[in-house]
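Undergrad: Here it is, the structure, as structure tokens.
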Amino acid sequence: MQTPAPCDYERATSVDGAIATLVERGEGARILAGGHSLIPMMKLRLAQPELLIDINDLAELSYIELTSDEIRIGAMTRHAELLRSELLAEHFPLFADAEEVIADPVVRNRGTIGGSLCQADPAEDLSAVCSAVKAEAVIRGADGERVLPMSEFHAGPYVTAVGAGEILTEVRIKVRSGAGSAHEKVERRAGDYAIAACSAAVWIDGGAFTDVGVALAAAGPFTIEVARIEELLRGQAPTEELFAQAGALAAEDAMPMADSRGPVDYKRHLVGVLTKRALRRATARALHQEA
């Protein structure tokens, strides 16, 4: 077996300092946050960075706060903090739904929202969660910040819009009235990657949907935003018939592959069922009717 090349290590003391090092060292440098994705990839020789820049001391990137019209989440916020957040539970309960079924306490105590999003794993729950609630990603580089919607942040499987010399620093979510959200997931065993998962967010006013977001995880080569469901539901009053139609659209737009977790037909069926469940639950929460 080939011996891996030695890897340097640096502990960042500021965001600007980490960015400066990224710019100086180029593509051979990688950011280390929770490490639950990067370290296994290094063990398998799928990633062989020349330098690890550890940002775990950057407390300035760990927060969940409410501004006048949006919730802001620092990229170093741990899964466990997302799960415990009363602010997120009040405005976007799908975060708690997802965090309860992500891995195990060891991973949730260490892993971060920024690391999860930047890994861009097609089966990763928080990418679907953030896509459904129409979150924005704040990316900082030496030339300043840029803000992208999640549809532009994820560029493909394991690929994001974060460029060389840049760091994801924050996630922003607009707070609007009449909101409800939910995340539904089926896994082989507790803490496993999903066989399929669906995040749904709805906004209701006057008994009708004013906006909708639906995103699928583990249903294709990347997180899938089902825009056709938004078009179907917007302006309509919620009904079981509409939820069934939405589930059918999600099943059609899914791009699953057969693997040890199940055949394609089963996964498409599962996507449809989970989409109906997520929309039904999100709607009940928006209307304050959840049992």
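Residues are referred to by chain and number: the chain letter is A, B, ... according to the order shown in the structure tokens, the number counts from 1 in that chain, and ligands are numbered separately from 1 in the order shown.
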Please extract the residues of range 172-265 of chain A with a backbone DSSP assignment of strand (DSSP E) and present them as a PyMOL selection string.

TA: chain A and resi 172-174+179-187+194-205+208-217+224-225

Undergrad: Mind listing the helix (DSSP H, G or I) residues of range 44-218 of chain A, per DSSP on the backbone, as a ChimeraX atom specification?

TA: /A:59-61,79-84,86-91,94-99,105-110,113-119,125-132,150-153

Undergrad: Could you make a table, as JSON lines, of the residues of range 208-251 of chain A that have an atom within 12 Å of an atom of range 155-175 of chain A, each with its nearest atom pair and distance in Å to one decimal, counting only C-alpha atoms, in chain and number order?

TA:
```
{"residue": "A:Ala217", "atom": "CA", "partner": "A:Pro157", "partner_atom": "CA", "distance": 11.5}
{"residue": "A:Ala218", "atom": "CA", "partner": "A:Pro157", "partner_atom": "CA", "distance": 11.1}
{"residue": "A:Ala219", "atom": "CA", "partner": "A:Pro157", "partner_atom": "CA", "distance": 11.9}
{"residue": "A:Gly220", "atom": "CA", "partner": "A:Pro157", "partner_atom": "CA", "distance": 9.2}
{"residue": "A:Pro221", "atom": "CA", "partner": "A:Pro157", "partner_atom": "CA", "distance": 5.7}
{"residue": "A:Phe222", "atom": "CA", "partner": "A:Pro157", "partner_atom": "CA", "distance": 5.0}
{"residue": "A:Thr223", "atom": "CA", "partner": "A:Pro157", "partner_atom": "CA", "distance": 8.1}
{"residue": "A:Ile224", "atom": "CA", "partner": "A:Gly156", "partner_atom": "CA", "distance": 10.3}
```

Undergrad: Using CA of Leu51 in chain A and CA of Thr21 in chain A as the two end points, give the distance in Å to one decimal.

TA: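 Distance reported for this atom pair: 9.5 Å.
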